[in-house]
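Participant: Got a file for you: final38.csv, CSV, C-alpha atoms.
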chain,number,residue,atom,x,y,z
A,1,MET,CA,46.5,8.8,-24.1
A,2,GLU,CA,49.8,8.8,-26.0
A,3,LEU,CA,50.0,7.4,-29.5
A,4,HIS,CA,52.2,4.5,-28.3
A,5,ASP,CA,49.5,3.6,-25.9
A,6,VAL,CA,46.9,3.8,-28.7
A,7,TRP,CA,49.0,1.5,-30.9
A,8,PHE,CA,49.4,-1.0,-28.1
A,9,VAL,CA,45.6,-1.2,-27.9
A,10,LEU,CA,45.3,-1.5,-31.7
A,11,ILE,CA,47.9,-4.3,-31.8
A,12,ALA,CA,45.9,-6.1,-29.1
A,13,VAL,CA,42.7,-5.6,-31.2
A,14,LEU,CA,44.5,-7.1,-34.3
A,15,TRP,CA,45.7,-10.1,-32.3
A,16,THR,CA,42.2,-10.5,-30.9
A,17,GLY,CA,40.7,-10.4,-34.4
A,18,TYR,CA,43.2,-13.0,-35.6
A,19,PHE,CA,42.6,-15.4,-32.8
A,20,PHE,CA,38.8,-15.0,-33.1
A,21,LEU,CA,38.8,-15.7,-36.9
A,22,GLU,CA,41.8,-18.0,-37.4
A,23,GLY,CA,40.9,-19.8,-34.1
A,24,PHE,CA,37.8,-21.4,-35.6
A,25,ASP,CA,39.5,-22.4,-38.8
A,26,PHE,CA,42.4,-23.9,-36.9
A,27,GLY,CA,39.8,-25.8,-34.9
A,28,VAL,CA,38.1,-27.0,-38.1
A,29,GLY,CA,41.5,-28.2,-39.4
A,30,VAL,CA,41.9,-30.3,-36.2
A,31,LEU,CA,38.4,-31.6,-36.6
A,32,THR,CA,39.2,-33.1,-39.9
A,33,ARG,CA,40.8,-35.9,-37.9
A,34,LEU,CA,38.5,-35.9,-34.8
A,35,LEU,CA,35.1,-35.4,-36.3
A,36,ALA,CA,35.0,-36.5,-39.9
A,37,ARG,CA,34.4,-40.2,-40.6
A,38,ASN,CA,35.0,-40.3,-44.4
A,39,ARG,CA,36.3,-38.2,-47.2
A,40,PRO,CA,33.0,-36.4,-48.1
A,41,GLU,CA,32.7,-35.3,-44.4
A,42,LYS,CA,36.3,-34.0,-44.5
A,43,ARG,CA,35.4,-32.1,-47.6
A,44,VAL,CA,32.4,-30.6,-45.8
A,45,LEU,CA,34.6,-29.4,-43.0
A,46,ILE,CA,37.2,-27.9,-45.3
A,47,ASN,CA,34.5,-26.2,-47.4
A,48,THR,CA,33.1,-24.5,-44.3
A,49,ILE,CA,36.3,-22.5,-44.1
A,50,GLY,CA,37.4,-22.7,-47.7
A,51,PRO,CA,36.2,-19.2,-48.7
A,52,VAL,CA,37.5,-17.4,-45.6
A,53,TRP,CA,40.7,-19.0,-44.3
A,54,ASP,CA,43.1,-16.9,-46.3
A,55,GLY,CA,41.2,-13.7,-45.4
A,56,ASN,CA,41.5,-14.6,-41.8
A,57,GLU,CA,45.3,-14.6,-42.1
A,58,VAL,CA,45.2,-10.9,-43.1
A,59,TRP,CA,44.8,-10.2,-39.4
A,60,LEU,CA,48.1,-11.9,-38.6
A,61,LEU,CA,50.0,-10.0,-41.3
A,62,SER,CA,48.4,-6.7,-40.0
A,63,ALA,CA,49.4,-7.6,-36.4
A,64,GLY,CA,53.0,-8.4,-37.4
A,65,GLY,CA,53.3,-5.4,-39.6
A,66,ALA,CA,51.9,-3.0,-37.0
A,67,THR,CA,54.3,-4.4,-34.4
A,68,PHE,CA,57.2,-3.9,-36.7
A,69,ALA,CA,56.3,-0.3,-37.5
A,70,ALA,CA,55.0,0.8,-34.1
A,71,PHE,CA,57.3,-1.1,-31.8
A,72,PRO,CA,60.5,-2.0,-33.6
A,73,GLU,CA,62.4,-3.0,-30.5
A,74,TRP,CA,59.6,-5.3,-29.5
A,75,TYR,CA,59.5,-6.9,-33.0
A,76,ALA,CA,63.3,-7.4,-33.0
A,77,THR,CA,63.5,-9.0,-29.6
A,78,LEU,CA,60.4,-11.1,-30.1
A,79,PHE,CA,61.3,-12.5,-33.6
A,80,SER,CA,65.0,-13.1,-32.7
A,81,GLY,CA,64.2,-14.7,-29.3
A,82,PHE,CA,61.3,-16.8,-30.5
A,83,TYR,CA,62.8,-17.5,-33.9
A,84,LEU,CA,62.3,-21.3,-34.0
A,85,PRO,CA,58.7,-21.5,-32.8
A,86,LEU,CA,57.7,-18.6,-35.0
A,87,LEU,CA,59.5,-20.2,-38.0
A,88,LEU,CA,57.6,-23.4,-37.3
A,89,ILE,CA,54.3,-21.5,-37.3
A,90,LEU,CA,55.2,-19.8,-40.5
A,91,VAL,CA,56.1,-23.2,-42.2
A,92,CYS,CA,52.8,-24.6,-41.0
A,93,LEU,CA,50.8,-21.8,-42.4
A,94,ILE,CA,52.6,-22.1,-45.8
A,95,VAL,CA,52.1,-25.9,-45.9
A,96,ARG,CA,48.5,-25.5,-44.8
A,97,GLY,CA,47.7,-23.1,-47.6
A,98,VAL,CA,49.3,-25.4,-50.1
A,99,ALA,CA,47.3,-28.3,-48.7
A,100,PHE,CA,44.0,-26.6,-49.2
A,101,GLU,CA,44.8,-25.9,-52.8
A,102,TYR,CA,46.5,-29.1,-53.8
A,103,ARG,CA,44.4,-31.6,-51.9
A,104,VAL,CA,42.0,-32.2,-54.9
A,105,LYS,CA,44.4,-31.8,-57.7
A,106,ARG,CA,44.9,-35.5,-58.1
A,107,PRO,CA,42.4,-38.4,-57.6
A,108,GLU,CA,44.7,-40.9,-55.9
A,109,GLU,CA,43.6,-41.8,-52.4
A,110,SER,CA,47.1,-41.5,-50.9
A,111,TRP,CA,47.6,-38.0,-52.4
A,112,GLN,CA,44.4,-36.7,-50.8
A,113,ARG,CA,45.0,-38.5,-47.5
A,114,ASN,CA,48.5,-37.0,-47.2
A,115,TRP,CA,47.3,-33.5,-47.8
A,116,GLU,CA,44.5,-34.0,-45.3
A,117,THR,CA,47.0,-35.2,-42.7
A,118,ALA,CA,49.0,-32.0,-43.5
A,119,ILE,CA,45.9,-29.9,-42.8
A,120,PHE,CA,45.4,-31.5,-39.5
A,121,TRP,CA,49.0,-31.1,-38.2
A,122,THR,CA,49.4,-27.6,-39.6
A,123,SER,CA,46.3,-26.6,-37.8
A,124,LEU,CA,47.1,-28.3,-34.5
A,125,LEU,CA,50.7,-27.1,-34.2
A,126,PRO,CA,50.1,-23.3,-34.7
A,127,ALA,CA,47.0,-23.5,-32.4
A,128,PHE,CA,49.3,-24.8,-29.6
A,129,LEU,CA,52.4,-22.7,-30.4
A,130,TRP,CA,50.6,-19.4,-30.4
A,131,GLY,CA,49.5,-20.1,-26.8
A,132,VAL,CA,53.1,-21.0,-25.9
A,133,ALA,CA,54.4,-17.8,-27.4
A,134,PHE,CA,51.9,-15.5,-25.7
A,135,GLY,CA,52.4,-17.3,-22.4
A,136,ASN,CA,56.1,-16.4,-22.6
A,137,ILE,CA,55.4,-12.8,-23.6
A,138,VAL,CA,53.1,-12.3,-20.6
A,139,ARG,CA,55.2,-14.3,-18.1
A,140,GLY,CA,58.4,-12.6,-19.2
A,141,VAL,CA,61.6,-13.9,-20.7
A,142,LYS,CA,65.4,-13.4,-20.3
A,143,ILE,CA,66.1,-10.0,-21.8
A,144,ASP,CA,69.5,-8.4,-21.1
A,145,ARG,CA,70.3,-4.7,-20.7
A,146,ASP,CA,70.6,-4.3,-24.5
A,147,PHE,CA,67.1,-5.6,-25.0
A,148,ASN,CA,68.3,-8.8,-26.5
A,149,TYR,CA,66.9,-12.2,-25.7
A,150,ALA,CA,69.4,-14.0,-23.6
A,151,GLY,CA,67.7,-17.4,-23.1
A,152,GLY,CA,67.3,-20.5,-25.2
A,153,VAL,CA,64.5,-22.5,-26.8
A,154,LEU,CA,64.1,-24.7,-23.8
A,155,ASP,CA,63.4,-21.6,-21.6
A,156,LEU,CA,60.3,-21.1,-23.6
A,157,LEU,CA,59.0,-24.6,-22.7
A,158,ASN,CA,58.0,-23.7,-19.1
A,159,PRO,CA,54.9,-25.0,-17.4
A,160,TYR,CA,53.0,-21.7,-17.7
A,161,ALA,CA,53.6,-21.3,-21.4
A,162,LEU,CA,52.8,-25.0,-22.1
A,163,LEU,CA,49.5,-24.6,-20.2
A,164,GLY,CA,48.9,-21.6,-22.4
A,165,GLY,CA,49.5,-23.7,-25.5
A,166,LEU,CA,47.0,-26.3,-24.3
A,167,VAL,CA,44.4,-23.6,-23.6
A,168,THR,CA,44.7,-22.1,-27.1
A,169,LEU,CA,44.6,-25.5,-28.7
A,170,THR,CA,41.5,-26.7,-26.8
A,171,LEU,CA,39.8,-23.3,-27.0
A,172,PHE,CA,40.3,-23.0,-30.8
A,173,THR,CA,39.1,-26.6,-31.2
A,174,PHE,CA,35.9,-25.8,-29.2
A,175,HIS,CA,35.5,-22.6,-31.3
A,176,GLY,CA,35.8,-24.6,-34.5
A,177,THR,CA,33.4,-27.3,-33.2
A,178,VAL,CA,30.6,-24.8,-32.6
A,179,PHE,CA,31.4,-23.2,-36.0
A,180,VAL,CA,30.9,-26.5,-37.7
A,181,GLY,CA,27.6,-26.9,-35.9
A,182,LEU,CA,26.6,-23.5,-37.1
A,183,LYS,CA,27.7,-24.2,-40.7
A,184,THR,CA,26.6,-27.8,-41.4
A,185,VAL,CA,23.5,-29.9,-41.6
A,186,GLY,CA,22.7,-33.5,-40.9
A,187,GLU,CA,24.6,-36.1,-38.9
A,188,ILE,CA,27.9,-34.1,-38.9
A,189,ARG,CA,26.1,-31.2,-37.2
A,190,GLU,CA,24.7,-33.5,-34.5
A,191,ARG,CA,28.2,-35.1,-33.8
A,192,ALA,CA,29.7,-31.6,-33.7
A,193,ARG,CA,27.3,-30.6,-31.0
A,194,THR,CA,28.2,-33.7,-28.9
A,195,LEU,CA,31.9,-33.2,-29.4
A,196,ALA,CA,31.6,-29.5,-28.5
A,197,LEU,CA,30.4,-30.4,-25.0
A,198,ARG,CA,33.3,-32.7,-24.5
A,199,VAL,CA,36.0,-30.3,-25.8
A,200,GLY,CA,34.3,-27.4,-24.0
A,201,ALA,CA,34.5,-29.2,-20.7
A,202,VAL,CA,38.2,-29.8,-21.1
A,203,THR,CA,38.7,-26.2,-22.2
A,204,ALA,CA,36.9,-24.8,-19.2
A,205,VAL,CA,39.2,-26.7,-16.8
A,206,LEU,CA,42.4,-25.7,-18.6
A,207,ALA,CA,41.4,-22.1,-19.3
A,208,SER,CA,40.3,-21.5,-15.7
A,209,ALA,CA,43.6,-22.8,-14.4
A,210,PHE,CA,45.6,-20.7,-16.8
A,211,LEU,CA,43.6,-17.5,-16.2
A,212,LEU,CA,43.7,-17.9,-12.5
A,213,TRP,CA,47.4,-18.4,-12.6
A,214,THR,CA,47.8,-15.3,-14.7
A,215,GLN,CA,45.6,-13.3,-12.4
A,216,ALA,CA,47.5,-14.4,-9.3
A,217,ASP,CA,50.9,-13.7,-10.8
A,218,ARG,CA,50.3,-10.3,-12.6
A,219,GLY,CA,46.6,-9.4,-12.4
A,220,ASP,CA,44.7,-6.3,-11.3
A,221,SER,CA,41.1,-5.3,-11.1
A,222,ALA,CA,40.8,-4.8,-14.8
A,223,SER,CA,42.2,-8.2,-15.7
A,224,LEU,CA,39.9,-9.8,-13.1
A,225,VAL,CA,36.9,-8.4,-14.9
A,226,ALA,CA,38.2,-9.9,-18.1
A,227,LEU,CA,38.8,-13.2,-16.4
A,228,ILE,CA,35.3,-13.4,-15.1
A,229,ALA,CA,33.9,-12.4,-18.6
A,230,ALA,CA,36.0,-15.2,-20.2
A,231,VAL,CA,34.9,-17.9,-17.8
A,232,ALA,CA,31.2,-16.8,-17.8
A,233,ALA,CA,31.2,-16.7,-21.6
A,234,LEU,CA,32.7,-20.2,-21.9
A,235,VAL,CA,30.2,-21.6,-19.5
A,236,ALA,CA,27.3,-19.9,-21.3
A,237,ALA,CA,28.7,-21.2,-24.7
A,238,LEU,CA,28.6,-24.8,-23.3
A,239,GLY,CA,25.0,-24.2,-22.3
A,240,ALA,CA,24.1,-22.8,-25.7
A,241,ALA,CA,25.8,-25.8,-27.4
A,242,ARG,CA,23.8,-28.2,-25.2
A,243,ALA,CA,20.6,-26.4,-26.2
A,244,GLY,CA,21.4,-26.6,-29.9
A,245,ARG,CA,21.8,-22.8,-30.2
A,246,GLU,CA,24.8,-22.9,-32.4
A,247,GLY,CA,24.8,-19.2,-33.2
A,248,TRP,CA,24.8,-18.2,-29.6
A,249,ALA,CA,27.4,-20.8,-28.8
A,250,PHE,CA,29.7,-19.5,-31.5
A,251,ALA,CA,29.3,-15.9,-30.4
A,252,LEU,CA,29.9,-16.8,-26.8
A,253,SER,CA,33.0,-18.9,-27.6
A,254,GLY,CA,34.2,-15.9,-29.6
A,255,ILE,CA,33.7,-13.6,-26.5
A,256,THR,CA,35.7,-16.1,-24.5
A,257,ILE,CA,38.6,-15.6,-26.9
A,258,VAL,CA,38.2,-11.9,-26.9
A,259,ALA,CA,38.2,-11.7,-23.1
A,260,THR,CA,41.1,-14.1,-22.7
A,261,VAL,CA,43.3,-12.1,-25.1
A,262,ALA,CA,42.2,-8.8,-23.4
A,263,MET,CA,43.2,-10.2,-20.1
A,264,LEU,CA,46.7,-11.1,-21.4
A,265,PHE,CA,47.3,-7.7,-22.8
A,266,LEU,CA,45.9,-6.0,-19.7
A,267,THR,CA,48.3,-7.9,-17.5
A,268,LEU,CA,51.1,-7.1,-19.9
A,269,PHE,CA,50.7,-3.3,-20.1
A,270,PRO,CA,52.7,-1.0,-19.9
A,271,ASN,CA,55.3,-3.7,-20.7
A,272,VAL,CA,55.4,-5.3,-24.1
A,273,MET,CA,58.0,-7.9,-23.1
A,274,PRO,CA,58.9,-8.1,-19.4
A,275,SER,CA,62.5,-9.2,-18.5
A,276,THR,CA,62.9,-11.9,-15.9
A,277,LEU,CA,66.5,-10.9,-15.4
A,278,ASN,CA,65.9,-7.3,-14.3
A,279,PRO,CA,62.6,-5.4,-14.4
A,280,ASP,CA,64.5,-2.3,-15.6
A,281,TRP,CA,65.5,-4.2,-18.7
A,282,SER,CA,61.9,-4.8,-19.8
A,283,LEU,CA,60.6,-3.6,-23.1
A,284,THR,CA,57.7,-1.1,-22.5
A,285,VAL,CA,55.4,0.9,-24.7
A,286,THR,CA,57.7,3.8,-24.2
A,287,ASN,CA,61.2,2.5,-24.8
A,288,ALA,CA,60.2,0.0,-27.6
A,289,SER,CA,58.0,2.4,-29.7
A,290,SER,CA,58.7,4.3,-32.9
A,291,SER,CA,58.9,8.1,-33.1
A,292,PRO,CA,55.7,10.1,-32.6
A,293,TYR,CA,55.7,11.2,-36.3
A,294,THR,CA,55.9,7.5,-37.4
A,295,LEU,CA,53.0,6.6,-35.2
A,296,LYS,CA,51.0,9.6,-36.4
A,297,ILE,CA,51.4,8.6,-40.1
A,298,MET,CA,50.5,5.0,-39.2
A,299,THR,CA,47.3,6.1,-37.4
A,300,TRP,CA,46.1,8.0,-40.6
A,301,CYS,CA,46.9,5.0,-42.8
A,302,ALA,CA,45.1,2.6,-40.4
A,303,GLY,CA,42.1,4.9,-40.3
A,304,VAL,CA,41.7,4.6,-44.0
A,305,ALA,CA,42.6,0.9,-44.6
A,306,THR,CA,40.9,-0.7,-41.7
A,307,PRO,CA,37.2,0.0,-42.6
A,308,VAL,CA,37.9,-1.3,-46.1
A,309,VAL,CA,39.2,-4.6,-44.8
A,310,LEU,CA,36.3,-5.0,-42.4
A,311,LEU,CA,33.7,-4.3,-45.1
A,312,TYR,CA,35.4,-6.8,-47.4
A,313,GLN,CA,35.6,-9.6,-44.8
A,314,SER,CA,32.0,-8.9,-43.6
A,315,TRP,CA,30.8,-9.2,-47.2
A,316,THR,CA,32.7,-12.5,-47.7
A,317,TYR,CA,31.1,-14.1,-44.6
A,318,TRP,CA,27.6,-12.8,-45.7
A,319,VAL,CA,28.0,-14.3,-49.2
A,320,PHE,CA,29.0,-17.7,-47.8
A,321,ARG,CA,26.6,-17.8,-44.8
A,322,LYS,CA,24.5,-20.9,-45.8
A,323,ARG,CA,24.9,-24.3,-44.2
A,324,ILE,CA,26.3,-27.2,-46.1
A,325,GLY,CA,26.3,-31.0,-45.9
A,326,THR,CA,27.5,-34.1,-47.7
A,327,GLN,CA,24.6,-33.7,-50.1
A,328,HIS,CA,26.2,-30.5,-51.4
A,329,ILE,CA,29.6,-32.1,-52.2
A,330,ALA,CA,30.0,-32.6,-55.9
A,331,ASP,CA,32.2,-35.3,-57.4
A,332,PRO,CA,35.7,-34.0,-57.9
A,333,VAL,CA,36.8,-33.1,-61.4
A,334,HIS,CA,40.5,-33.6,-62.3
Go ahead and render the structure in this file as structure tokens.

Facilitator:
Amino acid sequence: MELHDVWFVLIAVLWTGYFFLEGFDFGVGVLTRLLARNRPEKRVLINTIGPVWDGNEVWLLSAGGATFAAFPEWYATLFSGFYLPLLLILVCLIVRGVAFEYRVKRPEESWQRNWETAIFWTSLLPAFLWGVAFGNIVRGVKIDRDFNYAGGVLDLLNPYALLGGLVTLTLFTFHGTVFVGLKTVGEIRERARTLALRVGAVTAVLASAFLLWTQADRGDSASLVALIAAVAALVAALGAARAGREGWAFALSGITIVATVAMLFLTLFPNVMPSTLNPDWSLTVTNASSSPYTLKIMTWCAGVATPVVLLYQSWTYWVFRKRIGTQHIADPVH
């Protein structure tokens, strides 16, 4: 296997890790409006991800940096062609981080309510837009002979990509719902279990349609295996949620995300951005990659840094592993 193939796989792993981890905290952000009934319950939801949300975003930075270094042509075409949606995602992530920190800085009801509204929308929009972006990457976009994006913003809003956005939004919300069931106690845990079944049923319908469309359009035997794994894991997650086995439900919803992302990258390879104007103008792992020497240096750096990041994040999740409820919420001090 060539180094550019290895880095394609590594980038797929980074995006998978990002969607697995950031997926549930996007979902929890959406649930602040759908599940919580009062401010203490909103604080419980936010506190379930409070120690980890910023660490989860390390995976996004790593995925973007790895793409820039390993496949500069891919990075250039992607970030120039998808400039507006990616900028919107970036703004949402910035505002979301500020909202987590500033929400309790003042006691006024309107102040806290406005920041909580910001958390909801800045969780919902990226969850949707990431699906739209990856739907377009897999489907292909208008790339000319110079590897420049030749389409417009409206070209990105096609039915396949919009369905992909709905899939990531509902899947992340389901993932967040079972995470809340795993991390909370009391009434909010029971409501999370009930909501998980409803959101999961909608997710199953949308995800099945999207994955079958992907398989029919670009799939092969390997992607078919990933499709079956994704659907089976989602159905099993619903069964585990119904039985009150939150740990199993969370693990299985995570497997659904992993299998779904794996299927998208399997259908994409060896392209990194297919051209709908001419297949010969597609960006591939070969014509979009950096030099072998650059990839070799990157491989050594990744081999040293990746275990450190994994150990640190694992320790963080272990330290903050206990369940919480409204009885654990202290009165705010200003």

Participant: For stretch 276-291 of chain A, please output as a PyMOL selection string all residues within 8 Å (counting all atoms listed in the file; exclusion window: fewer than 6 positions along the same chain).

Facilitator: chain A and resi 4-5+8+69-74+140-147+269-270

Participant: Select all residues near (36.8, -37.5, -34.7) (cut-off 12 Å, inclusive, file coordinates), counting only C-alpha atoms, and output them as a list of chain:residue names.

Facilitator: A:Val28, A:Gly29, A:Val30, A:Leu31, A:Thr32, A:Arg33, A:Leu34, A:Leu35, A:Ala36, A:Arg37, A:Asn38, A:Glu41, A:Lys42, A:Leu45, A:Phe120, A:Thr173, A:Thr177, A:Ile188, A:Arg191, A:Ala192, A:Thr194, A:Leu195, A:Ala196, A:Arg198, A:Val199

Participant: Separation of atom CA of A:Val91 and atom CA of A:Thr203, in Å?

Facilitator: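 Between atom CA of A:Val91 and atom CA of A:Thr203 the gap works out to 26.7 Å.
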
Participant: Just want the 12 Å neighbourhood of A:Val95, counted on only C-alpha atoms, with same-chain residues fewer than 4 positions away dropped. Output as a VMD selection string.

Facilitator: chain A and resid 88 to 91 99 to 103 114 to 123 125 to 126

Participant: Quick one: distance from atom CA of A:Leu84 to atom CA of A:Gly135 in Å, one decimal?

Facilitator: 15.8 Å

Participant: How many Å separate atom CA of A:Ala12 from atom CA of A:Ala204?

Facilitator: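 Straight-line distance from atom CA of A:Ala12 to atom CA of A:Ala204 works out to 23.0 Å.
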
Participant: Rank nothing, just name the residue among A:Ala243, A:Met263, A:Ala209, A:Leu156 nearest to A:Val225, using all atoms listed in the file.

Facilitator: A:Met263

Participant: Tell me which protein, DNA and RNA residues are within 8 Å of stretch 245-249 of chain A, counting only C-alpha atoms, leaving out same-chain ones fewer than 4 positions away, and put them as a list in words.

Facilitator: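 Within the cut-off, the hits are Val178, Phe179, Gly181, Leu182, Ala236, Ala237, Leu238, Gly239, Ala240, Ala241 and Ser253 of chain A.
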
Participant: Would you list the contacts of A:Ala222 as a ChimeraX atom specification, taking every protein, DNA or RNA residue within 10 Å and counting only C-alpha atoms, but skipping same-chain residues closer than 3 positions in sequence?

Facilitator: /A:219,225-227,262-263,266-267

Participant: Taking all atoms listed in the file into account, name the residue in A:Lys105, A:Arg323, A:Gly23, A:Phe172 that is nearest to A:Gly186.

Facilitator: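 Answer, going by the shortest atom-to-atom distance: A:Arg323.
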
Participant: Taking the point (39.8, -14.6, -49.9) as given in the file, collect each protein or nucleic acid residue that comes within 12 Å of it, counting only C-alpha atoms, and present the set as a PDB file with C-alpha atoms, in the coordinates of the input.

Facilitator:
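Output saved as point-v2.pdb:
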ATOM      1  CA  ILE A  49      36.300 -22.500 -44.100  1.00  0.00           C
ATOM      2  CA  GLY A  50      37.400 -22.700 -47.700  1.00  0.00           C
ATOM      3  CA  PRO A  51      36.200 -19.200 -48.700  1.00  0.00           C
ATOM      4  CA  VAL A  52      37.500 -17.400 -45.600  1.00  0.00           C
ATOM      5  CA  TRP A  53      40.700 -19.000 -44.300  1.00  0.00           C
ATOM      6  CA  ASP A  54      43.100 -16.900 -46.300  1.00  0.00           C
ATOM      7  CA  GLY A  55      41.200 -13.700 -45.400  1.00  0.00           C
ATOM      8  CA  ASN A  56      41.500 -14.600 -41.800  1.00  0.00           C
ATOM      9  CA  GLU A  57      45.300 -14.600 -42.100  1.00  0.00           C
ATOM     10  CA  VAL A  58      45.200 -10.900 -43.100  1.00  0.00           C
ATOM     11  CA  GLY A  97      47.700 -23.100 -47.600  1.00  0.00           C
ATOM     12  CA  VAL A 309      39.200  -4.600 -44.800  1.00  0.00           C
ATOM     13  CA  TYR A 312      35.400  -6.800 -47.400  1.00  0.00           C
ATOM     14  CA  GLN A 313      35.600  -9.600 -44.800  1.00  0.00           C
ATOM     15  CA  SER A 314      32.000  -8.900 -43.600  1.00  0.00           C
ATOM     16  CA  TRP A 315      30.800  -9.200 -47.200  1.00  0.00           C
ATOM     17  CA  THR A 316      32.700 -12.500 -47.700  1.00  0.00           C
ATOM     18  CA  TYR A 317      31.100 -14.100 -44.600  1.00  0.00           C
ATOM     19  CA  VAL A 319      28.000 -14.300 -49.200  1.00  0.00           C
ATOM     20  CA  PHE A 320      29.000 -17.700 -47.800  1.00  0.00           C
TER      21      PHE A 320
END

Participant: Could you check the closest approach to A:Arg218 for each of A:Thr67, A:Thr77, A:Asn271, A:Thr256 and tell me which residue wins, using all atoms listed in the file?

Facilitator: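 That would be A:Asn271, the residue with the smallest distance to A:Arg218.
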
Participant: Using only C-alpha atoms, pick whichever of A:Leu10, A:Ala133, A:Leu21, A:Val308 has the shortest atom-to-atom distance to A:Gly254.

Facilitator: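 Using only C-alpha atoms, the shortest distance to A:Gly254 belongs to A:Leu21.
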
Participant: Leaving out A:Tyr18 and any residue of its chain fewer than 3 positions from it, which residues lie within 6 Å of it when counting only C-alpha atoms, given as an mmCIF file with C-alpha atoms, keeping the file's coordinate frame?

Facilitator:
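Final file, part38.cif:
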data_model
loop_
_atom_site.group_PDB
_atom_site.id
_atom_site.type_symbol
_atom_site.label_atom_id
_atom_site.label_comp_id
_atom_site.auth_asym_id
_atom_site.auth_seq_id
_atom_site.Cartn_x
_atom_site.Cartn_y
_atom_site.Cartn_z
ATOM 1 C CA TRP A 15 45.700 -10.100 -32.300
ATOM 2 C CA LEU A 21 38.800 -15.700 -36.900
ATOM 3 C CA GLU A 22 41.800 -18.000 -37.400
ATOM 4 C CA TRP A 59 44.800 -10.200 -39.400
ATOM 5 C CA LEU A 60 48.100 -11.900 -38.600
#

Participant: Considering only C-alpha atoms, state which residue in the set A:Cys92, A:Val44, A:Leu61, A:Val138 is at the smallest distance from A:Gly164.

Facilitator: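 For A:Gly164, the nearest of the candidates is A:Val138.
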
Participant: From the set A:Tyr75, A:Trp213, A:Ala207, A:Val104, which residue has the shortest atom-to-atom contact distance to A:Ala233, counting only C-alpha atoms?

Facilitator: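 Under the stated criterion, the closest residue is A:Ala207.
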